[in-house]
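See below for structure-v3.cif, which holds mmCIF, C-alpha atoms.
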```cif
data_run
#
loop_
_atom_site.label_atom_id
_atom_site.label_comp_id
_atom_site.auth_asym_id
_atom_site.auth_seq_id
_atom_site.Cartn_x
_atom_site.Cartn_y
_atom_site.Cartn_z
CA MET A 194 23.20 33.18 14.06
CA THR A 195 21.75 31.51 17.11
CA ASN A 196 18.30 32.91 16.37
CA GLY A 197 18.54 31.77 12.76
CA THR A 198 19.56 28.28 13.81
CA ALA A 199 16.74 28.12 16.33
CA THR A 200 14.25 29.28 13.68
CA THR A 201 15.50 26.71 11.19
CA THR A 202 15.29 23.95 13.77
CA ASP A 203 11.78 25.02 14.73
CA LEU A 204 10.65 25.07 11.08
CA ASP A 205 12.14 21.63 10.45
CA ALA A 206 10.24 20.27 13.46
CA ARG A 207 6.97 21.92 12.36
CA LEU A 208 7.27 20.51 8.84
CA GLU A 209 8.19 17.07 10.14
CA GLU A 210 4.90 16.90 12.08
CA TYR A 211 3.11 16.54 8.74
CA ARG A 212 5.39 13.96 7.11
CA VAL A 213 3.24 10.86 7.77
CA GLU A 214 -0.07 12.35 6.64
CA LEU A 215 1.55 13.96 3.59
CA THR A 216 3.15 10.64 2.69
CA GLY A 217 -0.29 9.03 2.93
CA TYR A 218 -1.75 11.68 0.65
CA CYS A 219 1.04 11.39 -1.93
CA TYR A 220 0.88 7.59 -1.79
CA ARG A 221 -2.84 7.64 -2.57
CA MET A 222 -2.16 10.06 -5.41
CA LEU A 223 0.79 8.18 -6.94
CA GLY A 224 0.28 4.52 -6.03
CA SER A 225 4.01 4.14 -5.38
CA SER A 226 5.71 3.90 -1.99
CA PHE A 227 9.01 5.30 -3.17
CA GLU A 228 7.55 8.02 -5.40
CA ALA A 229 5.36 9.12 -2.48
CA GLU A 230 8.37 9.51 -0.21
CA ASP A 231 10.23 11.39 -2.96
CA ALA A 232 7.21 13.68 -3.43
CA VAL A 233 7.05 14.47 0.29
CA GLN A 234 10.77 15.18 0.42
CA ASP A 235 10.37 17.53 -2.56
CA THR A 236 7.42 19.16 -0.77
CA MET A 237 9.48 19.71 2.37
CA ILE A 238 12.36 21.22 0.41
CA ARG A 239 10.06 23.57 -1.50
CA ALA A 240 8.33 24.61 1.73
CA TRP A 241 11.61 25.21 3.51
CA ARG A 242 12.96 27.32 0.64
CA SER A 243 9.84 29.42 0.23
CA TYR A 244 8.76 29.73 3.86
CA ASP A 245 9.78 33.37 3.99
CA ARG A 246 7.06 34.03 1.37
CA PHE A 247 4.41 32.08 3.31
CA GLU A 248 2.15 34.86 4.57
CA GLY A 249 -0.12 32.78 6.76
CA ARG A 250 -3.24 33.43 4.71
CA SER A 251 -3.94 29.71 5.06
CA SER A 252 -2.80 27.23 7.68
CA LEU A 253 0.64 25.68 7.38
CA ARG A 254 -1.08 22.32 6.77
CA SER A 255 -3.15 23.67 3.87
CA TRP A 256 -0.07 25.31 2.37
CA LEU A 257 1.87 22.05 2.55
CA TYR A 258 -0.99 20.13 0.92
CA ARG A 259 -1.07 22.70 -1.89
CA ILE A 260 2.65 22.18 -2.52
CA ALA A 261 2.31 18.38 -2.28
CA THR A 262 -0.63 18.40 -4.71
CA ASN A 263 1.36 20.37 -7.26
CA VAL A 264 4.33 18.01 -6.86
CA CYS A 265 2.09 14.98 -7.41
CA LEU A 266 0.29 16.52 -10.40
CA ASP A 267 3.67 17.26 -11.98
CA MET A 268 4.75 13.66 -11.40
CA LEU A 269 1.51 12.35 -12.92
CA THR A 270 1.77 14.33 -16.15
CA ALA A 271 3.46 11.32 -17.79
CA GLY A 272 0.08 9.58 -17.47
CA ASN A 273 1.41 6.43 -15.83
CA LYS A 274 -1.29 4.62 -13.86
CA ARG A 275 -0.12 2.09 -11.30
CA ALA A 276 -1.96 -1.19 -11.64
CA ARG A 277 -2.55 -4.63 -10.20
CA PRO A 278 -2.25 -7.73 -12.40
CA MET A 279 -6.06 -7.96 -12.55
CA ASP A 280 -6.12 -4.55 -14.29
CA LEU A 281 -3.83 -5.70 -17.09
CA THR A 282 -4.54 -9.33 -17.99
CA GLU A 283 -7.14 -12.04 -17.68
CA SER A 284 -6.84 -14.67 -14.98
CA THR A 285 -4.59 -17.50 -16.18
CA PRO A 286 -5.41 -21.19 -15.63
CA LEU A 287 -2.65 -23.04 -13.84
CA ALA A 288 -1.96 -25.16 -16.92
CA ARG A 289 -0.90 -22.03 -18.83
CA ALA A 290 0.83 -20.24 -15.94
CA ALA A 291 4.01 -18.41 -16.96
CA LEU A 292 6.02 -15.87 -14.99
CA ALA A 293 6.37 -12.76 -17.17
CA PRO A 294 7.72 -9.71 -15.29
CA ARG A 295 6.80 -6.11 -16.13
CA PRO A 296 8.79 -2.98 -15.22
CA ASP A 297 8.63 -1.66 -11.64
CA ASN A 298 6.71 1.46 -12.64
CA THR A 299 3.79 -0.72 -13.81
CA TRP A 300 2.73 -1.81 -10.37
CA LEU A 301 0.74 -0.49 -7.47
CA GLU A 302 3.17 -0.82 -4.58
CA PRO A 303 2.69 -1.91 -0.95
CA MET A 304 3.25 0.50 1.93
CA PRO A 305 3.81 0.00 5.67
CA ASP A 306 0.93 1.44 7.71
CA SER A 307 3.36 3.30 9.95
CA ARG A 308 4.59 5.48 7.07
CA VAL A 309 1.18 6.67 5.89
CA LEU A 310 -1.33 6.38 8.74
CA PRO A 311 -1.21 8.96 11.55
CA THR A 312 -2.75 7.83 14.82
CA PRO A 313 -5.94 9.90 15.26
CA ALA A 314 -7.73 9.84 18.61
CA ASP A 315 -11.03 9.01 16.89
CA PRO A 316 -11.32 5.26 16.07
CA ALA A 317 -13.74 6.06 13.23
CA GLU A 318 -11.12 8.30 11.59
CA ALA A 319 -8.52 5.57 11.99
CA ALA A 320 -10.82 3.06 10.29
CA VAL A 321 -11.46 5.39 7.33
CA ALA A 322 -7.74 6.04 6.98
CA LYS A 323 -6.97 2.30 6.88
CA GLU A 324 -9.71 1.62 4.34
CA SER A 325 -8.32 4.38 2.12
CA VAL A 326 -4.92 2.70 1.66
CA ARG A 327 -6.23 -0.82 1.03
CA LEU A 328 -5.11 -2.25 -2.27
CA ALA A 329 -8.56 -2.33 -3.86
CA PHE A 330 -9.25 1.34 -3.08
CA MET A 331 -5.74 2.33 -4.15
CA ALA A 332 -6.24 0.51 -7.46
CA ALA A 333 -9.59 2.25 -7.93
CA LEU A 334 -7.98 5.66 -7.37
CA GLN A 335 -5.56 4.91 -10.19
CA GLN A 336 -8.52 4.80 -12.61
CA LEU A 337 -9.24 8.49 -12.00
CA PRO A 338 -7.73 11.50 -13.79
CA ALA A 339 -5.18 13.18 -11.54
CA LYS A 340 -7.30 16.18 -10.44
CA GLN A 341 -10.36 14.03 -9.77
CA ARG A 342 -8.11 11.78 -7.71
CA ALA A 343 -6.96 14.77 -5.65
CA VAL A 344 -10.53 15.99 -5.13
CA LEU A 345 -11.79 12.57 -4.04
CA ILE A 346 -8.93 12.07 -1.57
CA LEU A 347 -9.21 15.55 -0.08
CA ARG A 348 -13.01 15.51 0.18
CA GLU A 349 -13.81 11.90 1.09
CA VAL A 350 -10.68 10.62 2.81
CA LEU A 351 -9.35 13.76 4.50
CA ALA A 352 -12.79 15.39 4.95
CA TRP A 353 -11.84 18.80 3.57
CA LYS A 354 -14.65 21.21 2.74
CA ALA A 355 -15.39 21.86 -0.94
CA SER A 356 -14.39 25.50 -0.46
CA GLU A 357 -11.00 24.44 1.00
CA VAL A 358 -10.34 22.09 -1.93
CA ALA A 359 -11.37 24.79 -4.40
CA GLU A 360 -8.90 27.22 -2.83
CA LEU A 361 -6.13 24.62 -2.85
CA LEU A 362 -6.67 23.77 -6.54
CA GLY A 363 -7.35 27.34 -7.62
CA THR A 364 -10.82 26.52 -8.95
CA SER A 365 -14.50 26.96 -8.03
CA VAL A 366 -16.62 25.06 -5.55
CA ALA A 367 -18.91 24.02 -8.43
CA SER A 368 -15.91 22.56 -10.27
CA VAL A 369 -14.83 20.63 -7.17
CA ASN A 370 -18.34 19.23 -6.65
CA SER A 371 -18.54 18.22 -10.32
CA ALA A 372 -15.15 16.48 -10.17
CA LEU A 373 -16.18 14.63 -7.01
CA GLN A 374 -19.43 13.47 -8.62
CA ARG A 375 -17.56 12.14 -11.70
CA ALA A 376 -14.97 10.43 -9.51
CA ARG A 377 -17.66 8.69 -7.45
CA ALA A 378 -19.42 7.53 -10.63
CA THR A 379 -16.18 6.07 -12.03
CA LEU A 380 -15.45 4.17 -8.82
CA ALA A 381 -19.01 2.79 -8.74
CA GLU A 382 -18.68 1.54 -12.34
CA ARG A 383 -15.26 -0.06 -11.88
CA ARG A 384 -15.53 -1.99 -8.66
CA GLN A 385 -12.14 -3.55 -7.87
CA PRO A 386 -11.51 -7.14 -6.76
CA GLY A 387 -10.92 -7.02 -3.02
CA ALA A 388 -13.28 -4.08 -2.47
CA GLU A 389 -15.45 -6.30 -0.26
CA ALA A 390 -12.57 -7.05 2.12
CA SER A 391 -13.72 -6.42 5.68
CA VAL A 392 -11.02 -6.33 8.32
CA SER A 393 -11.88 -4.94 11.73
CA ASP A 394 -9.54 -2.60 13.56
CA PRO A 395 -8.19 -4.11 15.71
CA LEU A 396 -8.66 -7.63 14.35
CA ASP A 397 -11.49 -9.52 16.00
CA GLU A 398 -10.98 -12.98 17.50
CA GLU A 399 -12.25 -14.81 14.40
CA GLN A 400 -9.83 -12.90 12.15
CA ARG A 401 -6.90 -13.51 14.50
CA LYS A 402 -7.63 -17.24 14.55
CA LEU A 403 -7.93 -17.25 10.74
CA LEU A 404 -4.47 -15.68 10.46
CA GLU A 405 -3.03 -18.15 12.98
CA ARG A 406 -4.40 -21.03 10.90
CA TYR A 407 -3.02 -19.40 7.76
CA VAL A 408 0.49 -19.13 9.24
CA ALA A 409 0.37 -22.77 10.36
CA ALA A 410 -0.86 -23.91 6.93
CA PHE A 411 1.65 -21.85 4.95
CA GLU A 412 4.69 -22.60 7.09
CA GLY A 413 3.72 -26.28 7.10
CA TYR A 414 2.92 -26.10 3.37
CA ASP A 415 -0.31 -27.95 4.13
CA MET A 416 -2.40 -27.42 1.01
CA SER A 417 -5.51 -29.08 2.46
CA ALA A 418 -5.44 -26.72 5.43
CA LEU A 419 -4.77 -23.75 3.16
CA THR A 420 -7.64 -24.69 0.84
CA ALA A 421 -10.00 -24.65 3.81
CA LEU A 422 -9.04 -21.01 4.49
CA LEU A 423 -9.37 -19.72 0.92
CA HIS A 424 -12.60 -18.38 -0.57
CA GLU A 425 -13.67 -20.31 -3.66
CA ASP A 426 -12.98 -17.18 -5.77
CA ALA A 427 -9.76 -16.18 -3.96
CA ILE A 428 -7.19 -14.31 -6.03
CA MET A 429 -3.41 -14.66 -5.91
CA THR A 430 -1.09 -12.06 -7.47
CA MET A 431 2.70 -11.85 -7.63
CA PRO A 432 4.05 -8.51 -8.90
CA PRO A 433 6.35 -7.93 -10.79
CA PHE A 434 4.81 -10.89 -12.66
CA ASP A 435 1.54 -10.17 -14.45
CA LEU A 436 0.22 -13.68 -13.76
CA TRP A 437 -2.76 -13.93 -11.44
CA LEU A 438 -4.67 -17.00 -10.37
CA THR A 439 -8.26 -17.56 -9.23
CA GLY A 440 -9.58 -20.28 -6.93
CA ALA A 441 -8.03 -22.53 -4.32
CA ASP A 442 -7.21 -25.34 -6.75
CA ASP A 443 -5.07 -23.18 -9.04
CA ILE A 444 -3.48 -21.29 -6.13
CA THR A 445 -2.44 -24.42 -4.24
CA GLY A 446 -1.52 -26.13 -7.51
CA PHE A 447 0.86 -23.28 -8.28
CA MET A 448 2.35 -23.41 -4.80
CA THR A 449 3.21 -27.10 -5.17
CA THR A 450 4.70 -26.72 -8.68
CA LEU A 451 6.30 -23.41 -9.71
CA GLY A 452 6.06 -22.17 -6.13
CA SER A 453 7.44 -25.29 -4.45
CA PRO A 454 10.72 -23.61 -3.30
CA CYS A 455 8.52 -21.71 -0.80
CA ALA A 456 7.95 -24.86 1.25
CA ASN A 457 9.18 -24.55 4.85
CA SER A 458 9.09 -20.74 4.72
CA ARG A 459 8.79 -18.50 7.78
CA LEU A 460 6.23 -15.69 8.10
CA VAL A 461 6.79 -12.50 10.10
CA PRO A 462 3.67 -10.30 10.70
CA VAL A 463 3.64 -6.81 9.13
CA GLU A 464 1.01 -4.06 8.99
CA VAL A 465 0.62 -3.14 5.35
CA ASN A 466 -2.01 -1.14 3.43
CA GLY A 467 -4.44 -1.25 6.33
CA LEU A 468 -4.57 -5.04 6.02
CA PRO A 469 -2.95 -8.06 7.69
CA GLY A 470 0.30 -9.07 6.04
CA PHE A 471 3.45 -11.09 6.41
CA ALA A 472 7.05 -10.88 5.37
CA GLN A 473 7.84 -14.26 3.85
CA TYR A 474 11.32 -15.72 4.21
CA LYS A 475 12.07 -18.92 2.30
CA PRO A 476 14.86 -21.40 3.09
CA ASP A 477 18.33 -20.34 1.92
CA PRO A 478 20.09 -23.54 0.79
CA GLU A 479 23.43 -21.76 0.32
CA ALA A 480 23.82 -19.57 3.41
CA GLY A 481 21.47 -21.49 5.70
CA GLY A 482 18.60 -19.89 7.56
CA PHE A 483 16.04 -17.95 5.54
CA THR A 484 16.20 -15.34 2.80
CA PRO A 485 13.56 -12.68 1.96
CA TRP A 486 11.07 -13.69 -0.69
CA ALA A 487 7.84 -11.66 -0.52
CA VAL A 488 5.69 -9.18 1.33
CA GLN A 489 2.27 -10.82 1.48
CA VAL A 490 -0.91 -8.76 1.80
CA LEU A 491 -4.11 -10.64 2.72
CA GLU A 492 -7.69 -9.61 2.01
CA ILE A 493 -10.33 -11.24 4.22
CA SER A 494 -14.10 -11.39 3.89
CA ASP A 495 -16.69 -13.50 5.76
CA GLY A 496 -14.10 -15.60 7.56
CA ARG A 497 -12.13 -16.58 4.43
CA ILE A 498 -9.08 -15.24 2.60
CA THR A 499 -10.25 -13.61 -0.63
CA GLY A 500 -6.98 -12.03 -1.75
CA PHE A 501 -3.42 -13.27 -1.42
CA HIS A 502 -1.02 -10.70 -2.89
CA CYS A 503 2.73 -11.36 -2.90
CA PHE A 504 5.12 -8.51 -3.72
CA LEU A 505 8.37 -10.17 -4.71
CA ASP A 506 10.88 -7.33 -5.11
CA THR A 507 12.36 -7.97 -1.68
CA LYS A 508 15.48 -5.82 -2.08
CA ARG A 509 13.12 -2.86 -2.19
CA TRP A 510 10.33 -3.90 0.17
CA PHE A 511 12.10 -5.45 3.15
CA PRO A 512 14.22 -2.34 3.95
CA LEU A 513 11.08 -0.18 3.53
CA PHE A 514 9.40 -2.27 6.23
CA GLY A 515 12.52 -2.25 8.44
CA LEU A 516 12.91 -6.01 7.99
CA PRO A 517 16.21 -7.92 8.12
CA LEU A 518 17.59 -9.39 4.90
CA HIS A 519 18.35 -12.72 6.56
CA LEU A 520 16.77 -14.86 9.28
CA GLU A 521 18.83 -17.38 11.18
CA ALA A 522 17.48 -20.89 11.55
CA GLU A 523 16.28 -21.68 15.06
CA ALA A 524 18.26 -24.19 17.12
CA ASP A 525 15.80 -27.05 16.65
CA GLU A 526 15.85 -26.55 12.87
CA VAL A 527 19.65 -26.64 12.82
CA GLU A 528 19.63 -29.89 14.82
CA GLN A 529 17.07 -31.45 12.46
CA GLY A 530 19.19 -30.40 9.46
CA ALA A 531 22.25 -32.03 11.03
#
```
So, in terms of structure tokens, how does the structure I just supplied come out?
Amino acid sequence: MTNGTATTTDLDARLEEYRVELTGYCYRMLGSSFEAEDAVQDTMIRAWRSYDRFEGRSSLRSWLYRIATNVCLDMLTAGNKRARPMDLTESTPLARAALAPRPDNTWLEPMPDSRVLPTPADPAEAAVAKESVRLAFMAALQQLPAKQRAVLILREVLAWKASEVAELLGTSVASVNSALQRARATLAERRQPGAEASVSDPLDEEQRKLLERYVAAFEGYDMSALTALLHEDAIMTMPPFDLWLTGADDITGFMTTLGSPCANSRLVPVEVNGLPGFAQYKPDPEAGGFTPWAVQVLEISDGRITGFHCFLDTKRWFPLFGLPLHLEAEADEVEQGA
């Protein structure tokens, strides 16, 4: 009994070592934070139950990826492709802006870096890993058929050999190379908004100062200061609404009309999808303090903000990021309110 318990504990620990990287893989495959975590849990359960039949012909890591791939392919048989608003509708002028929600399973979902990005010793590997969970790349992956998606991730993100991918998928090296070539061609044809985002790791001084100015402008609801930080073609999205806006005038115009309840918000930094982000809390007129409103993901290029993506389903996102569901007002704010 003792030996069995020890063996079970050891196996649990060995499987757990792969949780973060497997979650990253499943997230890239599925485009959903919660489905990715479900897929990894299913993978762990299947591995635990069938470990006595694992004969060691491949590494434990390869075996787990094979199981995870099959789980993801099964989940993708329904054909659902996660999307961003730009994939579904045309940009809407502010004068015609309307907030029309779509079901949760429509949307590409945000993900905390800590849940999907292991910490490799090689800075170059870390940079590739971050780039591969950015929203634009994630949206591009969703354009690929499921097996091409798996091949591209395994070959180009995880740097597996073609022979290793062929063994995992039960196919030939020629088939893997062909799938990779088709996947690359599709991504080249369908370049996603935000693909040009260039964020250094760690942030350089210019990027840090840009974010500091952004926080000051947003918390102060200073539209002139915010306009100065936005690229002329900046995009704002707000899932679960399919509305998206282009350009500083429409973005700031929205924020001062339909978005005016966000004035006097507080921003808490988060690391999300390999990009800078913030948890936005807006004033709570009933309970006092601040209530969750959005997880913001920012895309930056050439010293300006090019993408401003607000994920509004806070009852789902804030717990995922380990964020509190209420912020107390600071003492000076309470005194001013009195």
Starting from the displayed file, determine the output of the PyMOL selection byres ((chain A and resi 283-295) around 7) and express the residue list as an MDAnalysis selection string. chainID A and resid 279 282 296:297 299 433:439 443 447
Quick one: which residues end up in the PyMOL selection byres ((chain A and resi 502) around 10) for this structure, as a PyMOL selection string? chain A and resi 277+303+328+428-432+437+470+487-492+499-501+503-505
Close residues, Val369 (chain A) itself excluded, 9 Å, all atoms listed in the file, min 2 positions apart in chain, as a PyMOL selection string: chain A and resi 341+344+355-356+358-359+362+364-367+371-374
Could you turn the residues from that selection into a file that holds C-alpha atoms, as a short mmCIF file (atom, residue, chain, number, x, y, z; two decimals), keeping the file's coordinate frame?
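Output contents, as saved in result17.cif:
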```
data_model
loop_
_atom_site.label_atom_id
_atom_site.label_comp_id
_atom_site.auth_asym_id
_atom_site.auth_seq_id
_atom_site.Cartn_x
_atom_site.Cartn_y
_atom_site.Cartn_z
CA GLN A 341 -10.36 14.03 -9.77
CA VAL A 344 -10.53 15.99 -5.13
CA ALA A 355 -15.39 21.86 -0.94
CA SER A 356 -14.39 25.50 -0.46
CA VAL A 358 -10.34 22.09 -1.93
CA ALA A 359 -11.37 24.79 -4.40
CA LEU A 362 -6.67 23.77 -6.54
CA THR A 364 -10.82 26.52 -8.95
CA SER A 365 -14.50 26.96 -8.03
CA VAL A 366 -16.62 25.06 -5.55
CA ALA A 367 -18.91 24.02 -8.43
CA SER A 371 -18.54 18.22 -10.32
CA ALA A 372 -15.15 16.48 -10.17
CA LEU A 373 -16.18 14.63 -7.01
CA GLN A 374 -19.43 13.47 -8.62
#
```
Can you list what the PyMOL selection byres ((chain A and resi 208) around 10) grabs from this structure, as a ChimeraX atom specification? /A:203-207,209-212,236-238,240-241,253-254,257
d(CA of Ser252 (chain A), CA of Arg377 (chain A)) in Å: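 Atom-to-atom, CA of Ser252 (chain A) and CA of Arg377 (chain A) are spaced 28.2 Å apart.
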Of the residues A:Phe411, A:Phe330, A:Trp300, A:Phe511, which is the one nearest to Ala276 (chain A), using all atoms listed in the file? A:Trp300
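Of the residues under consideration (A:Asp506, A:Glu464, A:Asp477, A:Asp306), A:Asp477 shows the shortest atom-to-atom contact distance to His519 (chain A) when counting only C-alpha atoms.
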What's the separation between CA of Arg401 (chain A) and CA of Ile493 (chain A), in Å to one decimal place? 11.1 Å
Work out how far apart CA of Pro485 (chain A) and CA of Arg406 (chain A) are and give it in Å to one decimal. 21.7 Å
Which residue is closest to Pro462 (chain A)? Choose from A:Thr450, A:Leu419, A:Pro305, A:Ala352 and count all atoms listed in the file. A:Pro305
Could you give me the axis-aligned bounding box of region 291-310 of chain A, with 3 Å of padding per side, as centre plus edge lengths in Å to one decimal, as lines of an AutoDock Vina configuration file?
```
center_x = 3.7
center_y = -5.9
center_z = -3.6
size_x = 16.1
size_y = 31.1
size_z = 33.1
```
Surrounding residues of Ser251 (chain A) excluding itself and chain neighbours under 3 positions, 10 Å, all atoms listed in the file, as a short mmCIF file (atom, residue, chain, number, x, y, z; two decimals) with C-alpha atoms, keeping the file's coordinate frame:
```cif
data_model
loop_
_atom_site.label_atom_id
_atom_site.label_comp_id
_atom_site.auth_asym_id
_atom_site.auth_seq_id
_atom_site.Cartn_x
_atom_site.Cartn_y
_atom_site.Cartn_z
CA PHE A 247 4.41 32.08 3.31
CA GLU A 248 2.15 34.86 4.57
CA ARG A 254 -1.08 22.32 6.77
CA SER A 255 -3.15 23.67 3.87
CA TRP A 256 -0.07 25.31 2.37
CA LEU A 257 1.87 22.05 2.55
CA GLU A 357 -11.00 24.44 1.00
CA GLU A 360 -8.90 27.22 -2.83
CA LEU A 361 -6.13 24.62 -2.85
#
```
